[in-house]
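Shown below: run32.txt, with compact mmCIF, C-alpha atoms and all ligand atoms.
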```txt
# COMPACT_ATOMS: atom_id res chain seq x y z
CA MET Z 1 -93.75 -11.60 21.46
CA GLU Z 2 -92.71 -12.06 25.09
CA LEU Z 3 -89.58 -10.13 26.10
CA THR Z 4 -88.67 -12.93 28.47
CA GLN Z 5 -87.84 -14.85 25.26
CA LEU Z 6 -84.83 -12.54 24.93
CA TYR Z 7 -83.68 -13.40 28.45
CA GLU Z 8 -84.17 -17.11 27.71
CA ALA Z 9 -82.36 -16.89 24.36
CA ILE Z 10 -79.30 -15.26 25.98
CA LEU Z 11 -79.40 -17.68 28.90
CA ASN Z 12 -79.65 -20.71 26.62
CA GLY Z 13 -77.13 -19.35 24.10
CA LYS Z 14 -79.57 -19.24 21.17
CA LEU Z 15 -78.11 -16.66 18.78
CA GLU Z 16 -80.76 -16.74 16.05
CA GLU Z 17 -83.58 -16.50 18.57
CA ALA Z 18 -81.88 -13.63 20.42
CA VAL Z 19 -81.44 -11.71 17.17
CA ALA Z 20 -85.02 -12.37 16.06
CA VAL Z 21 -86.58 -11.26 19.36
CA THR Z 22 -84.33 -8.19 19.48
CA ASN Z 23 -85.50 -7.15 16.02
CA GLU Z 24 -89.14 -7.80 16.93
CA ALA Z 25 -88.82 -5.83 20.15
CA LEU Z 26 -87.29 -2.86 18.33
CA ALA Z 27 -90.04 -2.97 15.75
CA ALA Z 28 -92.53 -2.89 18.63
CA GLY Z 29 -90.86 0.29 19.93
CA ILE Z 30 -89.09 -1.13 23.01
CA ALA Z 31 -86.07 0.99 24.02
CA PRO Z 32 -82.61 -0.60 23.51
CA GLN Z 33 -81.66 0.22 27.12
CA THR Z 34 -84.68 -1.71 28.40
CA LEU Z 35 -83.68 -4.76 26.35
CA ILE Z 36 -80.06 -4.57 27.53
CA ASN Z 37 -80.62 -3.83 31.22
CA ASP Z 38 -83.83 -5.74 31.93
CA TYR Z 39 -83.36 -8.87 29.83
CA MET Z 40 -79.94 -9.35 28.23
CA ILE Z 41 -77.65 -8.55 31.18
CA LYS Z 42 -79.98 -10.57 33.43
CA GLY Z 43 -79.55 -13.58 31.11
CA MET Z 44 -75.76 -13.24 31.36
CA GLU Z 45 -75.99 -12.93 35.15
CA GLU Z 46 -78.04 -16.11 35.39
CA ILE Z 47 -75.66 -18.16 33.19
CA GLY Z 48 -72.81 -16.83 35.35
CA ALA Z 49 -74.61 -17.93 38.51
CA ARG Z 50 -75.25 -21.40 37.04
CA PHE Z 51 -71.57 -21.65 36.08
CA GLU Z 52 -70.58 -20.71 39.60
CA HIS Z 53 -72.79 -23.49 40.99
CA GLY Z 54 -71.53 -26.13 38.56
CA LYS Z 55 -74.82 -26.14 36.61
CA ALA Z 56 -73.31 -24.63 33.45
CA PHE Z 57 -69.90 -24.89 31.84
CA VAL Z 58 -67.50 -22.80 29.74
CA PRO Z 59 -69.18 -23.79 26.41
CA ASN Z 60 -72.47 -22.51 27.85
CA LEU Z 61 -70.81 -19.19 28.75
CA LEU Z 62 -69.44 -18.94 25.21
CA MET Z 63 -72.84 -19.68 23.63
CA SER Z 64 -74.52 -17.06 25.84
CA ALA Z 65 -71.78 -14.56 25.04
CA ARG Z 66 -72.31 -15.23 21.33
CA ALA Z 67 -76.06 -14.65 21.62
CA MET Z 68 -75.49 -11.50 23.69
CA LYS Z 69 -73.06 -10.14 21.08
CA GLY Z 70 -75.50 -10.88 18.26
CA SER Z 71 -78.19 -8.80 19.95
CA LEU Z 72 -75.79 -6.06 21.00
CA ASP Z 73 -74.55 -5.69 17.43
CA ILE Z 74 -78.10 -4.77 16.45
CA LEU Z 75 -78.56 -2.38 19.37
CA LYS Z 76 -75.16 -0.64 19.32
CA PRO Z 77 -75.92 1.81 16.48
CA LEU Z 78 -79.07 2.82 18.34
CA LEU Z 79 -77.13 3.76 21.47
CA LYS Z 80 -75.58 6.60 19.55
CA GLY Z 81 -76.84 10.01 20.61
CA ASP Z 82 -77.02 13.07 18.45
CA THR Z 83 -73.99 14.84 19.91
CA SER Z 84 -71.94 16.24 17.05
CA ALA Z 85 -68.96 17.69 18.94
CA THR Z 86 -66.68 15.25 20.74
CA LEU Z 87 -66.54 15.56 24.53
CA GLY Z 88 -63.06 14.05 24.79
CA LYS Z 89 -61.01 11.04 23.82
CA ILE Z 90 -61.03 7.76 25.72
CA VAL Z 91 -58.75 4.76 25.36
CA ILE Z 92 -60.51 1.64 26.67
CA GLY Z 93 -59.45 -1.97 27.17
CA THR Z 94 -59.80 -5.10 29.25
CA VAL Z 95 -56.64 -5.64 31.31
CA LYS Z 96 -53.90 -8.20 30.77
CA GLY Z 97 -54.91 -11.82 31.37
CA ASP Z 98 -58.62 -11.07 30.99
CA LEU Z 99 -60.65 -12.00 27.90
CA HIS Z 100 -64.08 -10.73 28.96
CA ASP Z 101 -65.21 -8.00 26.59
CA ILE Z 102 -69.00 -7.79 26.53
CA GLY Z 103 -69.31 -5.25 29.35
CA LYS Z 104 -66.28 -3.30 28.17
CA ASN Z 105 -67.76 -3.06 24.66
CA LEU Z 106 -71.07 -1.93 26.11
CA VAL Z 107 -69.28 0.80 28.06
CA ALA Z 108 -67.39 1.79 24.88
CA SER Z 109 -70.62 1.98 22.87
CA MET Z 110 -72.36 4.09 25.51
CA LEU Z 111 -69.41 6.48 25.75
CA GLU Z 112 -69.31 6.78 21.98
CA GLY Z 113 -73.04 7.22 21.78
CA CYS Z 114 -72.87 10.03 24.30
CA GLY Z 115 -70.26 12.02 22.41
CA PHE Z 116 -66.83 10.69 23.35
CA GLU Z 117 -64.28 9.57 20.81
CA VAL Z 118 -63.38 6.02 21.85
CA VAL Z 119 -60.32 3.97 20.94
CA ASN Z 120 -61.14 0.37 21.83
CA LEU Z 121 -57.93 -1.61 22.36
CA GLY Z 122 -59.65 -4.95 22.93
CA VAL Z 123 -58.82 -7.55 25.59
CA ASP Z 124 -55.69 -8.74 27.38
CA ILE Z 125 -54.12 -5.28 27.34
CA ALA Z 126 -50.79 -4.71 29.05
CA ALA Z 127 -49.78 -1.46 30.76
CA GLU Z 128 -47.36 -0.53 27.96
CA ARG Z 129 -50.15 -0.77 25.37
CA PHE Z 130 -52.46 1.47 27.42
CA ILE Z 131 -49.65 4.01 27.75
CA GLU Z 132 -48.64 3.87 24.10
CA ALA Z 133 -52.23 4.31 22.92
CA ALA Z 134 -53.01 7.11 25.40
CA ARG Z 135 -49.88 8.96 24.30
CA ASP Z 136 -50.36 8.43 20.55
CA GLU Z 137 -54.05 9.27 20.67
CA LYS Z 138 -53.60 12.18 23.09
CA ALA Z 139 -56.35 10.64 25.19
CA ASP Z 140 -58.05 12.47 28.04
CA ILE Z 141 -59.07 9.27 29.84
CA ILE Z 142 -57.91 5.67 30.10
CA CYS Z 143 -60.78 3.30 30.93
CA MET Z 144 -59.99 -0.20 32.20
CA SER Z 145 -62.27 -3.18 32.62
CA ALA Z 146 -61.64 -6.41 34.55
CA LEU Z 147 -64.02 -9.30 35.22
CA LEU Z 148 -61.77 -11.58 37.24
CA THR Z 149 -60.54 -11.16 40.80
CA THR Z 150 -57.20 -12.43 39.50
CA THR Z 151 -56.89 -9.68 36.86
CA MET Z 152 -58.39 -6.67 38.63
CA THR Z 153 -55.16 -6.35 40.64
CA TYR Z 154 -53.32 -5.64 37.38
CA MET Z 155 -55.16 -2.30 37.19
CA LYS Z 156 -52.89 -1.02 39.94
CA GLU Z 157 -49.82 -1.84 37.85
CA VAL Z 158 -51.26 0.05 34.89
CA ILE Z 159 -52.03 3.09 37.04
CA GLU Z 160 -48.54 3.12 38.51
CA ALA Z 161 -46.98 2.76 35.06
CA VAL Z 162 -49.15 5.56 33.64
CA ARG Z 163 -48.21 7.90 36.51
CA LYS Z 164 -44.54 6.97 36.11
CA ALA Z 165 -44.73 7.74 32.39
CA GLY Z 166 -45.94 11.22 33.36
CA LEU Z 167 -49.07 11.14 31.22
CA ASN Z 168 -51.66 13.80 31.92
CA VAL Z 169 -54.62 11.45 31.72
CA LYS Z 170 -57.49 10.51 34.02
CA ILE Z 171 -58.04 6.83 34.78
CA MET Z 172 -61.41 5.19 35.35
CA VAL Z 173 -62.03 1.55 36.21
CA GLY Z 174 -64.92 -0.89 36.36
CA GLY Z 175 -66.07 -4.48 35.93
CA ALA Z 176 -68.02 -6.93 38.07
CA PRO Z 177 -65.46 -7.55 40.87
CA VAL Z 178 -64.32 -3.91 41.08
CA ASN Z 179 -65.82 -1.46 43.56
CA GLU Z 180 -65.39 2.10 44.74
CA ALA Z 181 -63.09 1.21 47.64
CA PHE Z 182 -60.84 -0.92 45.45
CA ALA Z 183 -60.69 1.83 42.82
CA ARG Z 184 -59.66 4.37 45.46
CA SER Z 185 -57.08 1.99 46.95
CA ILE Z 186 -55.28 1.60 43.61
CA GLY Z 187 -55.29 5.33 42.87
CA ALA Z 188 -57.89 5.41 40.08
CA ASP Z 189 -59.59 8.75 39.41
CA GLY Z 190 -63.01 7.14 39.29
CA TYR Z 191 -65.11 3.98 39.36
CA SER Z 192 -68.48 3.19 37.87
CA SER Z 193 -70.58 0.10 38.20
CA ASN Z 194 -72.26 0.14 34.79
CA ALA Z 195 -72.18 1.62 31.31
CA ASN Z 196 -74.58 4.49 32.01
CA ALA Z 197 -72.67 5.53 35.12
CA ALA Z 198 -69.42 5.34 33.12
CA VAL Z 199 -70.70 8.14 30.87
CA VAL Z 200 -71.58 10.34 33.87
CA LEU Z 201 -68.17 9.63 35.39
CA ALA Z 202 -66.28 10.36 32.16
CA LYS Z 203 -68.09 13.69 31.79
CA SER Z 204 -67.21 14.67 35.35
CA LEU Z 205 -63.56 13.65 34.91
CA ILE Z 206 -63.29 15.74 31.74
CA GLN Z 207 -64.66 18.77 33.57
CA ALA Z 208 -62.48 18.30 36.67
CO1 LIG Z 301 -66.06 -15.80 32.62
N1 LIG Z 301 -66.09 -15.55 34.56
N2 LIG Z 301 -64.46 -16.85 32.79
N3 LIG Z 301 -66.26 -16.09 30.73
N4 LIG Z 301 -67.83 -15.01 32.80
C1 LIG Z 301 -67.16 -14.61 35.11
C2 LIG Z 301 -66.63 -13.18 35.21
C3 LIG Z 301 -67.44 -15.27 36.54
C4 LIG Z 301 -67.94 -14.26 37.59
C5 LIG Z 301 -68.43 -16.45 36.37
C6 LIG Z 301 -68.77 -17.10 37.70
O1 LIG Z 301 -67.99 -17.86 38.24
N5 LIG Z 301 -69.92 -16.78 38.24
C7 LIG Z 301 -66.03 -15.89 36.88
C8 LIG Z 301 -65.06 -14.95 37.62
C9 LIG Z 301 -64.87 -15.35 39.06
C10 LIG Z 301 -63.94 -14.44 39.77
O2 LIG Z 301 -62.97 -13.97 39.28
N6 LIG Z 301 -64.27 -14.21 41.01
C11 LIG Z 301 -65.53 -16.24 35.50
C12 LIG Z 301 -64.50 -17.19 35.23
C13 LIG Z 301 -63.99 -17.97 36.44
C14 LIG Z 301 -63.97 -17.43 33.95
C15 LIG Z 301 -62.86 -18.39 33.54
C16 LIG Z 301 -61.65 -18.45 34.50
C17 LIG Z 301 -63.53 -19.78 33.37
C18 LIG Z 301 -62.61 -20.91 33.01
O3 LIG Z 301 -61.98 -20.91 31.98
N7 LIG Z 301 -62.56 -21.87 33.90
C19 LIG Z 301 -62.44 -17.87 32.14
C20 LIG Z 301 -61.36 -16.78 32.19
C21 LIG Z 301 -60.87 -16.39 30.84
C22 LIG Z 301 -60.02 -15.13 30.87
O4 LIG Z 301 -60.54 -14.03 30.84
N8 LIG Z 301 -58.71 -15.30 30.95
C23 LIG Z 301 -63.75 -17.25 31.72
C24 LIG Z 301 -64.14 -17.19 30.39
C25 LIG Z 301 -65.35 -16.67 29.96
C26 LIG Z 301 -65.80 -16.75 28.51
C27 LIG Z 301 -64.68 -16.49 27.50
C28 LIG Z 301 -66.37 -18.13 28.29
C29 LIG Z 301 -66.97 -15.70 28.49
C30 LIG Z 301 -66.55 -14.28 28.04
C31 LIG Z 301 -66.89 -13.99 26.59
C32 LIG Z 301 -66.63 -12.55 26.26
O5 LIG Z 301 -66.65 -11.63 27.06
N9 LIG Z 301 -66.39 -12.34 24.99
C33 LIG Z 301 -67.33 -15.60 29.97
C34 LIG Z 301 -68.52 -15.03 30.47
C35 LIG Z 301 -69.58 -14.72 29.44
C36 LIG Z 301 -68.75 -14.77 31.85
C37 LIG Z 301 -70.01 -14.24 32.56
C38 LIG Z 301 -71.02 -15.39 32.60
C39 LIG Z 301 -70.71 -13.05 31.95
C40 LIG Z 301 -69.85 -11.81 31.75
C41 LIG Z 301 -70.63 -10.79 30.95
O6 LIG Z 301 -70.44 -10.65 29.76
N10 LIG Z 301 -71.62 -10.13 31.62
C42 LIG Z 301 -69.45 -13.85 33.98
C43 LIG Z 301 -70.46 -13.97 35.11
C44 LIG Z 301 -71.07 -12.63 35.47
O7 LIG Z 301 -70.52 -11.57 35.24
N11 LIG Z 301 -72.20 -12.70 36.14
C45 LIG Z 301 -68.18 -14.60 34.03
C46 LIG Z 301 -72.51 -9.16 30.96
C47 LIG Z 301 -71.83 -7.79 30.90
C48 LIG Z 301 -72.77 -6.77 30.26
O8 LIG Z 301 -71.57 -7.39 32.24
O9 LIG Z 301 -69.06 -7.59 31.94
O10 LIG Z 301 -70.08 -7.19 34.24
P1 LIG Z 301 -70.11 -6.99 32.79
O11 LIG Z 301 -70.06 -5.42 32.47
C49 LIG Z 301 -70.89 -4.50 33.14
C50 LIG Z 301 -70.28 -3.92 34.42
O12 LIG Z 301 -69.36 -4.78 35.06
C51 LIG Z 301 -69.69 -2.62 33.96
O13 LIG Z 301 -70.53 -2.20 32.92
C52 LIG Z 301 -71.01 -3.33 32.18
C53 LIG Z 301 -72.41 -3.02 31.72
O14 LIG Z 301 -73.26 -2.69 32.77
N12 LIG Z 301 -68.31 -2.56 33.46
C54 LIG Z 301 -67.65 -1.37 33.55
C55 LIG Z 301 -67.51 -3.45 32.85
N13 LIG Z 301 -66.35 -2.90 32.57
C56 LIG Z 301 -66.39 -1.62 32.97
C57 LIG Z 301 -65.44 -0.59 32.90
C58 LIG Z 301 -65.79 0.64 33.44
C59 LIG Z 301 -67.04 0.88 34.01
C60 LIG Z 301 -67.99 -0.13 34.07
O15 LIG Z 301 -64.86 1.61 33.41
C61 LIG Z 301 -65.10 2.77 34.09
```

For this file, produce the structure as structure tokens.
Ligand code: B1M
Amino acid sequence: MELTQLYEAILNGKLEEAVAVTNEALAAGIAPQTLINDYMIKGMEEIGARFEHGKAFVPNLLMSARAMKGSLDILKPLLKGDTSATLGKIVIGTVKGDLHDIGKNLVASMLEGCGFEVVNLGVDIAAERFIEAARDEKADIICMSALLTTTMTYMKEVIEAVRKAGLNVKIMVGGAPVNEAFARSIGADGYSSNANAAVVLAKSLIQA
């Protein structure tokens, strides 16, 4: 088995192949994080680049996303750590107007696996829904994801609405077009570029 087959399966949107290679790789003792970071995310990046250059189209993105999800479903349970006590509660969602959820779900799985209780609201989440969930769930952190330059700006509206509602909650943001400077400019408490860093950030926000 060649692990590049996993990259190719994600890139070419081949669900069955992606699932088969993922299972084979696990049986061969390859770590889930290696599969995700070194092959699967790279496949998604390449299909994104092809889309950007007019060499792939929305159906291709959907097929790749489907293959990625198939593999991630197998790997998710293995991302769980052995922490028994919960470190804190996090409400997570992709912001209004944005339907991308693969990265957000990966962040949610990592947070959960590392001991946080996670309430995953899904995609296309408006400020009111974030606030309602954070209040009802007595969340310590709201975590927002955005993949589009047109939707990342909505994060500022959510932050303003949360502050206005007087909730005592930390807010962390991320997603491909987001960066540290943007996060600071909209008043977020923290930014992380990937799922592993999101866990480190969440732990530091809980302790702050
Ligand atoms: Co879309 N799409 N898409 N898409 N798509 C991008 C984002 C794009 C960059 C592709 C491109 O042009 N190269 C581009 C955005 C351009 C821009 O805004 N500048 C784009 C576009 C244009 C669009 C549409 C407008 C296309 C159209 O319809 N014409 C449309 C918009 C729909 C909408 O949301 N309203 C659209 C639709 C879709 C699909 C539905 C087909 C599908 C999503 C399926 C799904 O998610 N269920 C899709 C996909 C698959 C992509 C790409 C190819 C891959 C995204 C992905 O899953 N990456 C993407 C190109 C790319 O990103 N290279 C693209 C893998 C994932 C693991 O990474 O999500 O970045 P990512 O998450 C990372 C980090 O960002 C971070 O951690 C994760 C793990 O490391 N992270 C966080 C994410 N959230 C975080 C939150 C945190 C911390 C870290 O909180 C603290």

Which polymer residues have any atom within 12 Å of an atom of Z:Met44, counting only C-alpha atoms, with same-chain residues fewer than 2 positions away left out, as a count of residues only? 34

Would you work out the distance separating atom CA of Z:Arg129 from atom CA of Z:Val200, expressed in Å to one decimal? 25.6 Å

How would you report the residues lying within 7 Å of ligand LIG 301 (chain Z), as an MDAnalysis selection string, if you count all atoms listed in the file? chainID Z and resid 41 44:49 51:52 58:59 61:62 64:65 97:104 106:107 143:150 172:177 191:195 198

For a test of reading the model, state the distance in Å between atom CA of Z:Ala31 and atom CA of Z:Gly122, rounded to one decimal.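 Distance reported for this atom pair: 27.1 Å.
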
Between Z:Ile74, Z:Val158, Z:Ala165, Z:Ala139, single out the one closest to Z:Ala25, counting all atoms listed in the file.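 Of all the options, Z:Ile74 lies closest to Z:Ala25.
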